[in-house]
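*Asks:* Quick one: the structure is below, questions incoming.
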Amino acid sequence: MTQKTVAVIGGGVTGLSAALELARFDISVDVFEKSDFAGGHAIQFACKAADRCVKCGACIVEEKLSQALQDPRIRILTGSRIEKISKAERFSIDLNQKAEYIDAGKCTSCGVCSAQCPQDGAVIAGVSKSHLPFYAIQEDKCRYLADKSCTRCQDACPETAITLDATATAISREADAVVLATGFSLFDPKNKPYGYGTFQNVVTNLELEGIVRREGCALKPSDGQPANSVAFIQCVGSRDAKLNHLWCSKICCGSALRMAQLIKARQPQTQISFFYIDVQTFGSDFQAFYRQVQGDVHMVRAIPGDIFQSEGGRLKITCVDNQTHDTVQEIFDLVVLSAGLQPCEQNIEVIKQLKLNVGDDGFVDPSTANGGEISGGVFAAGTVAGPMSIADSIASAGDAALQVIKYLEMGEKPI
Amino acid sequence: MTGKTLLIGNGPCARRIAEDLVARNRGILVATPEQGFDISPALAAKYTAETSMEILTETKVISCRGSAGNFSVALKHNGKTRKAAVGNIVIAEEERRIPCFSLYGLTPASTIISLSDLKPLVPEPPGNHRRFAGITSMVFLSGIVEESNPVIMEEIMAACLKLQTSEKLKTYILTRNLKVAADGLENMYRKTKTAGVVYIKFTDAQPEIVQMEDGRVRFEFVDEITGDFLRLSADLTIVDEKIAPSNYATELSRIFELDGDPNGFAQRDNVHRLTVCSNRRGILVAGPARCVQSISDQYIDAGNAVLSLLEQERPASDQGVEKARIETGKCVRCLTCYRLCPYRAILVNTRVAVAPDACERCGICVAECPRGAIGMGQQESSKPLVLPAITGAKAVKDDRLPSITAYCCSRSAARAAELAARLGYSLPPGLQVVEVPCGGSVSLGHILAALNGNADGVMVLTCHEGNCHSEFGNIYARQRVDRAKALCAAIGMESGRLVHRTLASNMGIEFAQAVAEFEKQLLEMEPGRLKTGKK
């Protein structure tokens, strides 16, 4: 096979896994990641092990990113958005490459820029040791980019690594095949009656992952104190006929219950309640895990109607317990919404340009997308085709990589 | 690494792998204990034209020797044994179904059948009503006593949908947690409800199940939604099944010395084995031989298996890297290395040797060899792996602060240390991180050498149990720390100078906390006893 290039759209665990598999066949791979940091949602997940590994897969994402960065055959472009993608003989991809405000070669991750920045959220930090530069400037928040009123990060950077006048560039790439691994977006629960966005201590599952990663335990965002009682509300934005979200997000039961067990191990005094419809099976020894968790966590088979703020900023959950038929009122320090996985709207344009089939649910048609060829040379993998775990995403990426290789070989000897 | 592939199995996963390999004209030997290997028409056409595939039916593997690229497998057919030389092996055995009659206190009968028994009765195309003559109500039991899975639930829903719509039968599904975590299943659930399928879900209580003399089954329970006491009689009761590995898959995992899982699957759920790897290079485990899978999962596994086989034809990524080697002069054939190698890379013939293609450089054998006869790379066999680095612990300006040597697993703790530094945590000034390939490569010698080399305390930081790439390296590390602690206690030294902790690669703050805590603990003690040059 002559030297081939594959474009992987999306630098999450699926895209990175596919890139690594393809690179092993000496295929040159460009990974286009729209955000500032590679690794997708999964790189933000916390390890859920107390003593024993609970097979959440978070560490594997870390490993994949590290390996992909070290592989000379893989180039990861963060901050790159696809403007146009078309296919003639090969694929042509036009991208908008975000300005390089921070020079990765100079940045030493000292954090002075973040400490100096007066604007909340304008300098964000990475989460992985492989995130280089470890900080990124957010264009919609930065004061300099709005009205040139502040240059504190640039002035303070001891390495002169920051150039606030840097500009975005238009770049073009060509590829012989495309792997679509644009992933999912997390359901935004602001329209649910849980006070998300209003009550500081109502957070999403992904936000709790971030808190545990940063702090090592479950702290309340309002005051940074440990939460003594935590509620997990499942199926927020999943299995919801009103939203026409007729799918199970698959990963939330596992991640919430593993997280509950981690919190129990690290903060044993914490009371945890779990509000659910049905507990989904995960892991190889679910029966034993479930038995254990039922002893440690208060399982309530009901989805709360709403959440009110009670004294001291605590949160009151009201629901009807399906078993006792009583109205249950419980008060919590922290409420975690298990926000579901949904199709990522930002990628609709790319999916259209690639002429892919999208199902009624908005995910790329799973009957053709599990690594299967949808339109010549385009292969979908991972959660762009529907919710799946880290392990399933890696498997999906492997299968897609094989389909890519078969396709590229076919091009080599036309029948 | 080249050579023929031995493919063991006869299900959708195995057939897909065979098709792909035959299409690539790749040498393949199929062995199945069953009577026929059901090949697709496409494969059959290829099969007659190609000679690269050989199919052995009613054949079982009885033993295996060698290592990746060079396996010698003994196969038994009709009481005769034959040998085959293969480069790699794929275990893609089908699943085994165990009907859950006894869990519900039921005895199989014409009116009480398993889900698999039902399958041939559900007409295809629909409309053959006579099969269910005299039957109006059917009850499906799933996951009431033991938790089930979406693979079973999908089969139940699909059957109910057909029976309810085409056969005009009344179907009930009694379950605990409705398992809908599969593509399209929640949608199918809605469809079945529209079609009239009745779901009765239990939380803590269970229905009372009585098998009546006429073969019908009576269910009595309190409905959790309405609180009403209800009684339901089923003309036909269908019980769910547990999905287990085939007995042969479990046997194969023993024959091939794989680190199987406690349920008998041939792959342990170690995340480092994703997707189809085993603890042995050149041996893959795909499909229902490794975990509970749907048909689409099986095809994805097949793709991953073929991909791995193609990869194995290419030079290994660690080619040229020096692997463990045994010094013949020192080796007394105690077979400690053979016993402990997680990758089964030790070959025992007239002499004991390491198969370089199978060795993953974990260093467990190096640490454990009682004769110091095994070396790896620059490391001298009789000396600990990183001795030059630890002959002097890190000098601390303020000599009241302790010197800490932290042996960190390269996959987990060493990465966590990097993250901690990047996150800007202030780490103890006397901390010296020594990266080791696996926690299991840290020998007693390492620990003592660090103490001898001026460390006030030694940490051995490994992956969490169940996460070690070398399966048990972290456990060996813990055991060695325990042994070293006992030695310390025997000479009157505080055992608190030694610690084993587990960390994941993304645990930056936890790393910082662990070393800070250890530093504090050491500050409460006198400087290390073996420390020299300090007043």
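Residue names in the structure tokens use chain letters A, B, ... in the order shown, residue numbers from 1 in each chain, and ligand numbers from 1 in the order shown.
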Residues of chain A were defined as contacting chain B if any atom lay at most 6 Å from it, counting only C-alpha atoms; please report them as a list in words.
*Replies:*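 Residues satisfying the distance criterion: Asp51, Arg52, Cys53, Cys59, Ser109, Lys129, Leu246, Trp247, Cys248, Lys250, Asp278, Val279, Gln280, Thr281, Gln323, Ala395, Gly398, Asp399 and Leu402 of chain A.
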*Asks:* Please provide the set of residues having any atom within 12 Å of Cys110 in chain A, restricted to only C-alpha atoms, with same-chain residues fewer than 3 positions apart removed, written as JSON, numbers by chain.
*Replies:* {"A": [106, 107, 113, 114, 115, 116, 125, 132, 133, 134, 135, 153, 156, 157, 158, 159, 161], "B": [421, 422, 423, 424, 425, 426]}
*Asks:* Please measure the separation of CA of Pro288 in chain B and CA of Phe282 in chain A, giving the value in Å to one decimal.
*Replies:*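 Separating CA of Pro288 in chain B from CA of Phe282 in chain A is a distance of 15.5 Å.
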*Asks:* Which residues, written as number ranges by chain, have at least one atom at most 10 Å from Ala260 in chain A, with only C-alpha atoms counted and residues fewer than 6 positions away on the same chain left out?
*Replies:* A: 48, 218, 230-232, 254, 270-274, 293, 296-297
*Asks:* Tell me, which residues of range 19-73 of chain A carry DSSP alpha helix (DSSP H), written as number ranges by chain?
*Replies:* A: 19-23, 58-70
*Asks:* Pick from B:Glu517, B:Glu327, B:Asp117, B:Glu94: nearest to Val285 in chain B, with only C-alpha atoms counted?
*Replies:* B:Glu94
*Asks:* Can you pull out the residues contacting Phe184 in chain A? Cut-off 9 Å, using only C-alpha atoms, and skip same-chain residues under 4 positions away; I want them as number ranges by chain.
*Replies:* A: 41, 341-345, 363, 382-387
*Asks:* Which polymer residues have any atom within 7 Å of an atom of Val217 in chain B, counting only C-alpha atoms, with same-chain residues fewer than 3 positions away left out, as a PyMOL selection string?
*Replies:* chain B and resi 209-212+233-234+237
*Asks:* DSSP on the backbone: which residues in range 185-382 of chain A end up as strand (DSSP E)? Give the answer as a count of residues only.
*Replies:* 52
*Asks:* For Ala181 in chain A, find every residue with an atom within 10 Å (counting only C-alpha atoms), except residues of its own chain fewer than 2 positions away, and show them as an mmCIF file with N, CA and C atoms, in the first residue's frame.
*Replies:*
```cif
data_model
loop_
_atom_site.group_PDB
_atom_site.id
_atom_site.type_symbol
_atom_site.label_atom_id
_atom_site.label_comp_id
_atom_site.auth_asym_id
_atom_site.auth_seq_id
_atom_site.Cartn_x
_atom_site.Cartn_y
_atom_site.Cartn_z
ATOM 1 N N VAL A 8 -9.103 11.887 10.845
ATOM 2 C CA VAL A 8 -9.977 11.463 11.935
ATOM 3 C C VAL A 8 -10.613 12.735 12.501
ATOM 4 N N ILE A 9 -11.931 12.801 12.444
ATOM 5 C CA ILE A 9 -12.609 13.999 12.944
ATOM 6 C C ILE A 9 -13.070 13.720 14.365
ATOM 7 N N GLY A 10 -12.432 14.368 15.292
ATOM 8 C CA GLY A 10 -12.753 14.162 16.702
ATOM 9 C C GLY A 10 -11.589 13.509 17.426
ATOM 10 N N GLY A 11 -11.082 14.184 18.444
ATOM 11 C CA GLY A 11 -9.912 13.684 19.177
ATOM 12 C C GLY A 11 -10.264 13.127 20.540
ATOM 13 N N GLY A 12 -11.437 12.505 20.645
ATOM 14 C CA GLY A 12 -11.794 11.822 21.892
ATOM 15 C C GLY A 12 -11.234 10.419 21.910
ATOM 16 N N VAL A 13 -11.714 9.605 22.821
ATOM 17 C CA VAL A 13 -11.127 8.269 22.965
ATOM 18 C C VAL A 13 -11.309 7.457 21.691
ATOM 19 N N THR A 14 -12.419 7.633 20.992
ATOM 20 C CA THR A 14 -12.642 6.881 19.751
ATOM 21 C C THR A 14 -11.657 7.330 18.676
ATOM 22 N N GLY A 15 -11.569 8.635 18.468
ATOM 23 C CA GLY A 15 -10.685 9.151 17.432
ATOM 24 C C GLY A 15 -9.232 8.784 17.690
ATOM 25 N N LEU A 16 -8.812 8.900 18.944
ATOM 26 C CA LEU A 16 -7.419 8.579 19.287
ATOM 27 C C LEU A 16 -7.144 7.090 19.091
ATOM 28 N N ALA A 18 -8.718 5.016 17.052
ATOM 29 C CA ALA A 18 -8.686 4.728 15.616
ATOM 30 C C ALA A 18 -7.357 5.191 15.029
ATOM 31 N N VAL A 31 -5.615 14.121 13.144
ATOM 32 C CA VAL A 31 -6.766 14.125 14.053
ATOM 33 C C VAL A 31 -7.190 15.573 14.244
ATOM 34 N N PHE A 32 -8.437 15.864 13.904
ATOM 35 C CA PHE A 32 -8.950 17.235 14.064
ATOM 36 C C PHE A 32 -9.844 17.297 15.290
ATOM 37 N N GLU A 33 -9.432 18.090 16.248
ATOM 38 C CA GLU A 33 -10.197 18.211 17.495
ATOM 39 C C GLU A 33 -10.646 19.665 17.631
ATOM 40 N N VAL A 178 -11.950 9.014 5.722
ATOM 41 C CA VAL A 178 -12.327 9.834 6.873
ATOM 42 C C VAL A 178 -12.947 8.938 7.955
ATOM 43 N N VAL A 179 -12.501 9.127 9.178
ATOM 44 C CA VAL A 179 -13.166 8.485 10.316
ATOM 45 C C VAL A 179 -13.910 9.584 11.073
ATOM 46 N N GLY A 183 -18.321 12.113 18.406
ATOM 47 C CA GLY A 183 -18.831 11.902 19.756
ATOM 48 C C GLY A 183 -20.214 12.462 20.019
ATOM 49 N N PHE A 184 -20.447 12.728 21.298
ATOM 50 C CA PHE A 184 -21.781 13.136 21.755
ATOM 51 C C PHE A 184 -21.687 14.513 22.386
ATOM 52 N N PHE A 379 -16.205 6.541 7.558
ATOM 53 C CA PHE A 379 -16.542 5.517 8.550
ATOM 54 C C PHE A 379 -16.839 6.206 9.873
ATOM 55 N N ALA A 380 -17.967 5.839 10.464
ATOM 56 C CA ALA A 380 -18.334 6.435 11.746
ATOM 57 C C ALA A 380 -17.974 5.477 12.867
ATOM 58 N N ALA A 381 -17.543 6.015 13.971
ATOM 59 C CA ALA A 381 -17.186 5.173 15.112
ATOM 60 C C ALA A 381 -17.481 5.922 16.399
ATOM 61 N N GLY A 382 -17.729 5.166 17.446
ATOM 62 C CA GLY A 382 -17.924 5.760 18.765
ATOM 63 C C GLY A 382 -19.317 6.338 18.961
ATOM 64 N N THR A 383 -19.420 7.284 19.872
ATOM 65 C CA THR A 383 -20.723 7.765 20.321
ATOM 66 C C THR A 383 -21.437 8.665 19.313
ATOM 67 N N VAL A 384 -20.814 8.952 18.185
ATOM 68 C CA VAL A 384 -21.551 9.678 17.152
ATOM 69 C C VAL A 384 -22.697 8.786 16.651
ATOM 70 N N ALA A 385 -22.546 7.487 16.856
ATOM 71 C CA ALA A 385 -23.567 6.531 16.412
ATOM 72 C C ALA A 385 -24.525 6.137 17.530
ATOM 73 N N SER A 393 -16.363 2.168 22.872
ATOM 74 C CA SER A 393 -15.852 3.146 21.915
ATOM 75 C C SER A 393 -14.531 2.675 21.323
ATOM 76 N N SER A 396 -15.302 -0.061 18.900
ATOM 77 C CA SER A 396 -15.876 0.523 17.693
ATOM 78 C C SER A 396 -14.783 1.151 16.827
ATOM 79 N N ALA A 397 -13.822 1.801 17.478
ATOM 80 C CA ALA A 397 -12.711 2.428 16.748
ATOM 81 C C ALA A 397 -11.859 1.377 16.046
ATOM 82 N N ALA A 400 -13.718 0.118 13.037
ATOM 83 C CA ALA A 400 -13.706 1.141 11.990
ATOM 84 C C ALA A 400 -12.337 1.187 11.310
#
```
*Asks:* Just the number, please: distance in Å from CA of Asp240 in chain B to CA of Lys193 in chain B, one decimal.
*Replies:*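 CA of Lys193 in chain B lies 19.6 Å from CA of Asp240 in chain B.
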*Asks:* Considering only C-alpha atoms, return as a VMD selection string whatever protein or nucleic-acid residues lie within 9 Å of Thr169 in chain A, sequence-local ones (same chain, fewer than 5 positions apart) excluded.
*Replies:* chain A and resid 95 to 99
*Asks:* What separation in Å, quoted to one decimal, exists between CA of Asp214 in chain B and CA of Ala109 in chain B?
*Replies:*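 Answer for the CA of Asp214 in chain B to CA of Ala109 in chain B separation: 10.4 Å.
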